[in-house]
Amino acid sequence: MRTRLTSFFARLLAGDLSVFGGPATDDTMAGHIRAEQMALVLGYSVGIMLANACNAIVLAIALWHSPDRELALIWAIVVASAAIAFGLQSHTARRITKPQFVSRHAMHRLVRNAFVLGAAWGIVPVAFFADAASGGQLVITCLCSGMLAGGALAFATIPVAAIAFTAPIFVGIAICLSRDGDPAYVLVAILVVVYGTVLLRAVFVYSFSFARRVIRQVEAERTVRQDPLTLLPNRFAFNETLDAALKRLALSGEAFAVLLLDLDRFKEVNDKFGHPAGDEFLVQVASRLQRCTRAAEHVARIGGDEFALVMANLARPDDALEIAERFVASFTAPFEIEGRQIIGATSVGIVLAPRDGSTQLDIMKNADAALYRAKKAGPGTVCFFEASDDRMSRDRKALQADLEGAIARDELFLVFQPFLDLAANRITGFEALLRWQHPQRGLVPPSEFIAVAEETGLIHEIGEWVIGRACAALAGWPEDVRVAVNFSAAQFHNTTILQTIVQALADANIAPHRFEIEITESMLLSKYGAAGAILTALLELGVTLALDDFGTGFSSLTYLRKLPFSRIKIDQSFIRDMLVQPDCAAIVKSVISLARDLDIDVVAEGVETADQLDYLRQIGCDEVQGYLISRPVPADAVLKLLDMKKLRAIFAA
Ligand code: C2E
Ligand code: MG
Ligand code: MG
């Protein structure tokens, strides 16, 4: 009985809404909700504390001629100084990044502070009302009502703090009213009770709906991080782990390894025994793999039959080899599936950081190369990455030399691919995509030459050219159509990009909101600092921002909150697989619901079939882009495409 009571009070003081009949939560979720509640309160607290200080001063002035003048002055100085000190403290606390988890203890402190402040105001009617002149009494009445309403509003997400703050004021008013026999005070008392009830009721309603919203968001984020079939971390979660390992590498030089696994003959199992057997196979593989790792490390499923592991704090490369060999050995015993014995095998590619790379792109690219060689050598092979895996490098040098004069020789041009709005069934804009007509090689795709341009710094010149051309094209399109331009991370390391965009918009006489910047997640990771300032300036200008290839990047969902994105573009790999792989569908759906909560539009990339379009329409996707709507077209075909009534008819629901 006693422990139950203790637990009740502990939860009550921790701001846990379940004690008031609000939504129930587990410990992690409760900590997360506290973090959100705290962030909101801290957000208000500077203003509230200023108001407290002003009110204290006003009270001292109002009681200047009362017999309690000295006492009131001391009270006002104490309350005003405490309020200013607390306000300054919470202002600095607000600058530090918002924590994901706030402890019960921190919430206890907040509730205690709310109570102390409330008690300071509760003293006012008791100590000063009786001897104050009628003007002073009016001021006290107004102040107390204001404090009640303001306090309830400031603590609206945390009922126990709202109660801790307002209860002493109510008690103070009650004591003051009951002392004096004036019958009008009975009416005042009735009013105070009515106000209090309404206030508290509003606090409960608001705080419950606030908590439910946080829970929904956290759950959506959880779904996005877990593979629903094997319950292993998925690619998002893997990317976050890799991201964290890279940060530690940069900070303290902590080496790590990435192991990339691919199941041999998984497709055969699927084709021969059907998808349910394939799923069961994956589930069993997942549990065997997980048993091979160290306790704190989790194998992630990053694709259909692809698994990966980040081995943090690697003392010797042999440790990685040992785990890889354990993975291979775990396939020796056959798998028991639907009464059949199935033999499986895996190959493993190993990359060591920093030796083989220190960016996510390099690490994953090299892991792929090592795995490729392992698979070619036969099932059950483990390969470390070797420099010779990088066969492309020589070819790149030649490409580099050619790219240098490409603009001058007029070999570059833009094509445009439309976005279709599913609700309005109309084309809302076009993405500008770069092409290079090479005199010998023919049409070179951007996937081959953009990286080269980035390495050589040519991307700045090419990027400026793209912005100019895209704006010039946009000038000839209807007002309600936008252009989206792809940017490389490197472009934001050069501050002149800001001027280039402003100038291009002015030259073409275009409203900034019609110009959209597409950046990828990996770009946010690289030296975010400088890019952040330039992006913020552009956003202030009115330009909009889209997060491209969402899901493939090597970053985390937390980046969504870093910048005010107008749109996220779900990568085409998810769209391609969503109708055949339930985990892809789950990710697409969660991303859409998460985006809706964050008030961000979603574009599905790479829509190629009518079935995909129907499905996306059903689950509430905002816009689609892909070969089904139109392939990228030359600039002079854009207006024709906009005019195609037929196209609209086809995609009308
Ligand atoms: P992205 O921005 O994700 O562009 C979408 C890519 O998907 C384009 O390839 C487009 O042609 C292709 N695509 C569109 N619909 C479909 C579809 O239904 N099925 C399939 N299979 N593919 C589809 P593209 O033009 O080869 O561009 C590749 C990447 O190169 C772009 O990816 C973008 O990241 C980059 N890029 C293109 N132009 C520029 C540029 O001007 N500057 C920079 N920095 N990067 C660019
Ligand atoms: Mg793009
Ligand atoms: Mg994309």
# chains A, B, ... in the order shown; residues from 1 in each chain; ligands from 1
>>> closest_atom_pairs(of="chain A", to="ligand 3", cutoff="6 Å", atoms="only C-alpha atoms and all ligand atoms", output="Markdown table")
| residue | atom | partner | partner_atom_place_in_ligand_line | distance |
| --- | --- | --- | --- | --- |
| A:Asp548 | CA | ligand 3 | 1 (Mg) | 4.8 |
| A:Asp549 | CA | ligand 3 | 1 (Mg) | 4.1 |
| A:Asp571 | CA | ligand 3 | 1 (Mg) | 5.7 |
>>> residues_near_ligand(ligand="ligand 2", cutoff="8 Å", atoms="only C-alpha atoms and all ligand atoms", output="PyMOL selection string")
chain A and resi 431+433+484-486+518-519+548-549
>>> residues_around(residues="Gln226 of chain A", least_positions_apart="4", cutoff="10 Å", atoms="only C-alpha atoms", output="list in words")
Glu221, Arg222, Thr230, Leu231, Leu232, Pro233, Asn234, Arg235, Phe236, Ala237, Phe238, Ala300, Arg301, Asp583, Ala586 and Ile587 of chain A
>>> closest_atom_pairs(of="chain A", to="ligand 1", cutoff="7 Å", atoms="only C-alpha atoms and all ligand atoms", output="Markdown table")
| residue | atom | partner | partner_atom_place_in_ligand_line | distance |
| --- | --- | --- | --- | --- |
| A:Ala432 | CA | ligand 1 | 38 (N) | 6.5 |
| A:Leu433 | CA | ligand 1 | 38 (N) | 3.8 |
| A:Leu434 | CA | ligand 1 | 38 (N) | 4.0 |
| A:Pro445 | CA | ligand 1 | 26 (O) | 5.2 |
| A:Pro446 | CA | ligand 1 | 30 (O) | 4.5 |
| A:Ser447 | CA | ligand 1 | 30 (O) | 5.0 |
| A:Ile450 | CA | ligand 1 | 45 (N) | 6.1 |
| A:Gly463 | CA | ligand 1 | 42 (N) | 6.1 |
| A:Val466 | CA | ligand 1 | 41 (O) | 5.6 |
| A:Val485 | CA | ligand 1 | 41 (O) | 6.3 |
| A:Asn486 | CA | ligand 1 | 42 (N) | 4.5 |
| A:Phe487 | CA | ligand 1 | 44 (N) | 4.1 |
| A:Ser488 | CA | ligand 1 | 44 (N) | 4.2 |
| A:Asp548 | CA | ligand 1 | 3 (O) | 6.1 |
| A:Asp549 | CA | ligand 1 | 3 (O) | 5.5 |
| A:Glu605 | CA | ligand 1 | 15 (N) | 6.2 |
| A:Gly606 | CA | ligand 1 | 18 (O) | 3.4 |
| A:Val607 | CA | ligand 1 | 18 (O) | 4.7 |
| A:Glu608 | CA | ligand 1 | 18 (O) | 4.6 |
| A:Gln625 | CA | ligand 1 | 15 (N) | 5.9 |
| A:Gly626 | CA | ligand 1 | 15 (N) | 3.4 |
| A:Tyr627 | CA | ligand 1 | 18 (O) | 3.7 |
| A:Leu628 | CA | ligand 1 | 18 (O) | 6.2 |
| A:Arg631 | CA | ligand 1 | 15 (N) | 6.3 |
| A:Pro632 | CA | ligand 1 | 11 (O) | 6.0 |
>>> select_by_dssp(residues="segment 327-457 of chain A", states="strand (DSSP E or B)", output="ChimeraX atom specification")
/A:335-337,340-342,345-353,382-384,412-421,426-438,442-444
>>> residues_around(residues="His32 of chain A", least_positions_apart="3", cutoff="9 Å", atoms="only C-alpha atoms", output="JSON, numbers by chain")
{"A": [27, 28, 29, 35, 36, 37, 99, 100, 101, 102, 214, 215, 218]}
>>> write_last_selection(atoms="N, CA and C atoms", output="CSV table (one decimal), in the first residue's frame")
chain,number,residue,atom,x,y,z
A,27,ASP,N,8.6,4.3,-19.4
A,27,ASP,CA,9.6,5.2,-18.9
A,27,ASP,C,10.3,6.1,-19.9
A,28,THR,N,10.6,5.5,-21.0
A,28,THR,CA,11.3,6.2,-22.1
A,28,THR,C,10.4,7.3,-22.6
A,29,MET,N,9.1,6.9,-22.9
A,29,MET,CA,8.1,7.8,-23.4
A,29,MET,C,7.9,8.9,-22.5
A,35,ALA,N,10.5,16.0,-21.7
A,35,ALA,CA,11.5,16.9,-22.5
A,35,ALA,C,10.7,17.9,-23.3
A,36,GLU,N,9.6,17.4,-23.9
A,36,GLU,CA,8.8,18.3,-24.7
A,36,GLU,C,8.0,19.4,-23.8
A,37,GLN,N,7.5,18.9,-22.7
A,37,GLN,CA,6.8,19.8,-21.7
A,37,GLN,C,7.8,20.9,-21.2
A,99,PRO,N,17.0,18.5,-25.0
A,99,PRO,CA,17.3,17.1,-24.7
A,99,PRO,C,16.2,16.2,-25.2
A,100,GLN,N,16.5,14.9,-25.5
A,100,GLN,CA,15.5,13.9,-25.9
A,100,GLN,C,14.8,13.3,-24.7
A,101,PHE,N,15.4,13.4,-23.5
A,101,PHE,CA,14.9,12.8,-22.3
A,101,PHE,C,15.2,13.7,-21.1
A,102,VAL,N,14.1,13.9,-20.3
A,102,VAL,CA,14.3,14.7,-19.1
A,102,VAL,C,13.9,13.8,-17.9
A,214,VAL,N,2.7,14.0,-28.7
A,214,VAL,CA,4.1,13.6,-28.6
A,214,VAL,C,4.2,12.1,-28.7
A,215,ILE,N,3.3,11.4,-28.1
A,215,ILE,CA,3.4,9.9,-28.2
A,215,ILE,C,3.3,9.4,-29.6
A,218,VAL,N,6.6,10.1,-31.3
A,218,VAL,CA,7.7,9.2,-30.9
A,218,VAL,C,7.4,7.8,-31.5
>>> decode(residues="segment 316-341 of chain A", atoms="N, CA, C and O atoms", output="PDB file, in the first residue's frame")
ATOM      1  N   ARG A 316      41.335  -4.158 -32.537  1.00  0.00           N
ATOM      2  CA  ARG A 316      42.154  -4.779 -33.597  1.00  0.00           C
ATOM      3  C   ARG A 316      41.236  -5.148 -34.761  1.00  0.00           C
ATOM      4  O   ARG A 316      40.100  -5.586 -34.531  1.00  0.00           O
ATOM      5  N   PRO A 317      41.722  -5.061 -36.006  1.00  0.00           N
ATOM      6  CA  PRO A 317      40.909  -5.488 -37.146  1.00  0.00           C
ATOM      7  C   PRO A 317      40.471  -6.945 -37.005  1.00  0.00           C
ATOM      8  O   PRO A 317      39.399  -7.327 -37.476  1.00  0.00           O
ATOM      9  N   ASP A 318      41.296  -7.751 -36.312  1.00  0.00           N
ATOM     10  CA  ASP A 318      40.947  -9.164 -36.150  1.00  0.00           C
ATOM     11  C   ASP A 318      39.638  -9.366 -35.393  1.00  0.00           C
ATOM     12  O   ASP A 318      38.959 -10.371 -35.576  1.00  0.00           O
ATOM     13  N   ASP A 319      39.289  -8.386 -34.523  1.00  0.00           N
ATOM     14  CA  ASP A 319      38.010  -8.509 -33.815  1.00  0.00           C
ATOM     15  C   ASP A 319      36.855  -8.506 -34.807  1.00  0.00           C
ATOM     16  O   ASP A 319      35.876  -9.236 -34.651  1.00  0.00           O
ATOM     17  N   ALA A 320      36.981  -7.655 -35.833  1.00  0.00           N
ATOM     18  CA  ALA A 320      35.926  -7.584 -36.846  1.00  0.00           C
ATOM     19  C   ALA A 320      35.890  -8.887 -37.638  1.00  0.00           C
ATOM     20  O   ALA A 320      34.818  -9.430 -37.932  1.00  0.00           O
ATOM     21  N   LEU A 321      37.070  -9.388 -37.950  1.00  0.00           N
ATOM     22  CA  LEU A 321      37.150 -10.645 -38.697  1.00  0.00           C
ATOM     23  C   LEU A 321      36.509 -11.779 -37.901  1.00  0.00           C
ATOM     24  O   LEU A 321      35.777 -12.614 -38.449  1.00  0.00           O
ATOM     25  N   GLU A 322      36.752 -11.755 -36.589  1.00  0.00           N
ATOM     26  CA  GLU A 322      36.211 -12.818 -35.737  1.00  0.00           C
ATOM     27  C   GLU A 322      34.681 -12.825 -35.778  1.00  0.00           C
ATOM     28  O   GLU A 322      34.054 -13.867 -35.943  1.00  0.00           O
ATOM     29  N   ILE A 323      34.104 -11.633 -35.665  1.00  0.00           N
ATOM     30  CA  ILE A 323      32.633 -11.550 -35.700  1.00  0.00           C
ATOM     31  C   ILE A 323      32.132 -11.988 -37.088  1.00  0.00           C
ATOM     32  O   ILE A 323      31.160 -12.737 -37.204  1.00  0.00           O
ATOM     33  N   ALA A 324      32.829 -11.528 -38.141  1.00  0.00           N
ATOM     34  CA  ALA A 324      32.402 -11.884 -39.497  1.00  0.00           C
ATOM     35  C   ALA A 324      32.432 -13.407 -39.663  1.00  0.00           C
ATOM     36  O   ALA A 324      31.510 -14.001 -40.248  1.00  0.00           O
ATOM     37  N   GLU A 325      33.466 -14.042 -39.126  1.00  0.00           N
ATOM     38  CA  GLU A 325      33.537 -15.504 -39.244  1.00  0.00           C
ATOM     39  C   GLU A 325      32.450 -16.189 -38.425  1.00  0.00           C
ATOM     40  O   GLU A 325      31.933 -17.231 -38.815  1.00  0.00           O
ATOM     41  N   ARG A 326      32.106 -15.571 -37.306  1.00  0.00           N
ATOM     42  CA  ARG A 326      30.990 -16.118 -36.517  1.00  0.00           C
ATOM     43  C   ARG A 326      29.688 -16.039 -37.320  1.00  0.00           C
ATOM     44  O   ARG A 326      28.866 -16.946 -37.287  1.00  0.00           O
ATOM     45  N   PHE A 327      29.506 -14.885 -38.019  1.00  0.00           N
ATOM     46  CA  PHE A 327      28.310 -14.737 -38.866  1.00  0.00           C
ATOM     47  C   PHE A 327      28.256 -15.876 -39.884  1.00  0.00           C
ATOM     48  O   PHE A 327      27.229 -16.538 -40.038  1.00  0.00           O
ATOM     49  N   VAL A 328      29.378 -16.098 -40.559  1.00  0.00           N
ATOM     50  CA  VAL A 328      29.427 -17.131 -41.588  1.00  0.00           C
ATOM     51  C   VAL A 328      29.135 -18.506 -40.963  1.00  0.00           C
ATOM     52  O   VAL A 328      28.341 -19.296 -41.486  1.00  0.00           O
ATOM     53  N   ALA A 329      29.763 -18.752 -39.783  1.00  0.00           N
ATOM     54  CA  ALA A 329      29.603 -20.061 -39.137  1.00  0.00           C
ATOM     55  C   ALA A 329      28.172 -20.292 -38.669  1.00  0.00           C
ATOM     56  O   ALA A 329      27.697 -21.438 -38.619  1.00  0.00           O
ATOM     57  N   SER A 330      27.467 -19.191 -38.352  1.00  0.00           N
ATOM     58  CA  SER A 330      26.107 -19.371 -37.836  1.00  0.00           C
ATOM     59  C   SER A 330      25.167 -19.939 -38.899  1.00  0.00           C
ATOM     60  O   SER A 330      24.036 -20.316 -38.595  1.00  0.00           O
ATOM     61  N   PHE A 331      25.621 -20.001 -40.138  1.00  0.00           N
ATOM     62  CA  PHE A 331      24.779 -20.556 -41.200  1.00  0.00           C
ATOM     63  C   PHE A 331      25.041 -22.048 -41.429  1.00  0.00           C
ATOM     64  O   PHE A 331      24.413 -22.649 -42.288  1.00  0.00           O
ATOM     65  N   THR A 332      25.998 -22.621 -40.662  1.00  0.00           N
ATOM     66  CA  THR A 332      26.343 -24.027 -40.905  1.00  0.00           C
ATOM     67  C   THR A 332      25.136 -24.935 -40.706  1.00  0.00           C
ATOM     68  O   THR A 332      24.856 -25.809 -41.538  1.00  0.00           O
ATOM     69  N   ALA A 333      24.433 -24.729 -39.601  1.00  0.00           N
ATOM     70  CA  ALA A 333      23.248 -25.575 -39.366  1.00  0.00           C
ATOM     71  C   ALA A 333      22.132 -25.140 -40.302  1.00  0.00           C
ATOM     72  O   ALA A 333      21.942 -23.940 -40.513  1.00  0.00           O
ATOM     73  N   PRO A 334      21.401 -26.083 -40.897  1.00  0.00           N
ATOM     74  CA  PRO A 334      20.310 -25.695 -41.788  1.00  0.00           C
ATOM     75  C   PRO A 334      19.170 -25.003 -41.037  1.00  0.00           C
ATOM     76  O   PRO A 334      19.048 -25.149 -39.826  1.00  0.00           O
ATOM     77  N   PHE A 335      18.372 -24.246 -41.779  1.00  0.00           N
ATOM     78  CA  PHE A 335      17.227 -23.553 -41.181  1.00  0.00           C
ATOM     79  C   PHE A 335      15.989 -24.447 -41.298  1.00  0.00           C
ATOM     80  O   PHE A 335      15.773 -25.057 -42.348  1.00  0.00           O
ATOM     81  N   GLU A 336      15.221 -24.508 -40.238  1.00  0.00           N
ATOM     82  CA  GLU A 336      14.008 -25.336 -40.209  1.00  0.00           C
ATOM     83  C   GLU A 336      12.830 -24.421 -40.556  1.00  0.00           C
ATOM     84  O   GLU A 336      12.442 -23.596 -39.733  1.00  0.00           O
ATOM     85  N   ILE A 337      12.309 -24.528 -41.790  1.00  0.00           N
ATOM     86  CA  ILE A 337      11.230 -23.615 -42.182  1.00  0.00           C
ATOM     87  C   ILE A 337      10.076 -24.388 -42.793  1.00  0.00           C
ATOM     88  O   ILE A 337      10.254 -25.127 -43.773  1.00  0.00           O
ATOM     89  N   GLU A 338       8.924 -24.227 -42.178  1.00  0.00           N
ATOM     90  CA  GLU A 338       7.707 -24.934 -42.626  1.00  0.00           C
ATOM     91  C   GLU A 338       7.990 -26.408 -42.863  1.00  0.00           C
ATOM     92  O   GLU A 338       7.611 -26.993 -43.883  1.00  0.00           O
ATOM     93  N   GLY A 339       8.695 -27.013 -41.915  1.00  0.00           N
ATOM     94  CA  GLY A 339       8.948 -28.457 -42.003  1.00  0.00           C
ATOM     95  C   GLY A 339      10.070 -28.829 -42.960  1.00  0.00           C
ATOM     96  O   GLY A 339      10.413 -30.002 -43.089  1.00  0.00           O
ATOM     97  N   ARG A 340      10.653 -27.842 -43.628  1.00  0.00           N
ATOM     98  CA  ARG A 340      11.738 -28.159 -44.559  1.00  0.00           C
ATOM     99  C   ARG A 340      13.065 -27.712 -43.967  1.00  0.00           C
ATOM    100  O   ARG A 340      13.115 -26.801 -43.154  1.00  0.00           O
ATOM    101  N   GLN A 341      14.134 -28.348 -44.431  1.00  0.00           N
ATOM    102  CA  GLN A 341      15.461 -27.897 -44.019  1.00  0.00           C
ATOM    103  C   GLN A 341      16.049 -27.064 -45.158  1.00  0.00           C
ATOM    104  O   GLN A 341      16.150 -27.553 -46.282  1.00  0.00           O
TER     105      GLN A 341
END
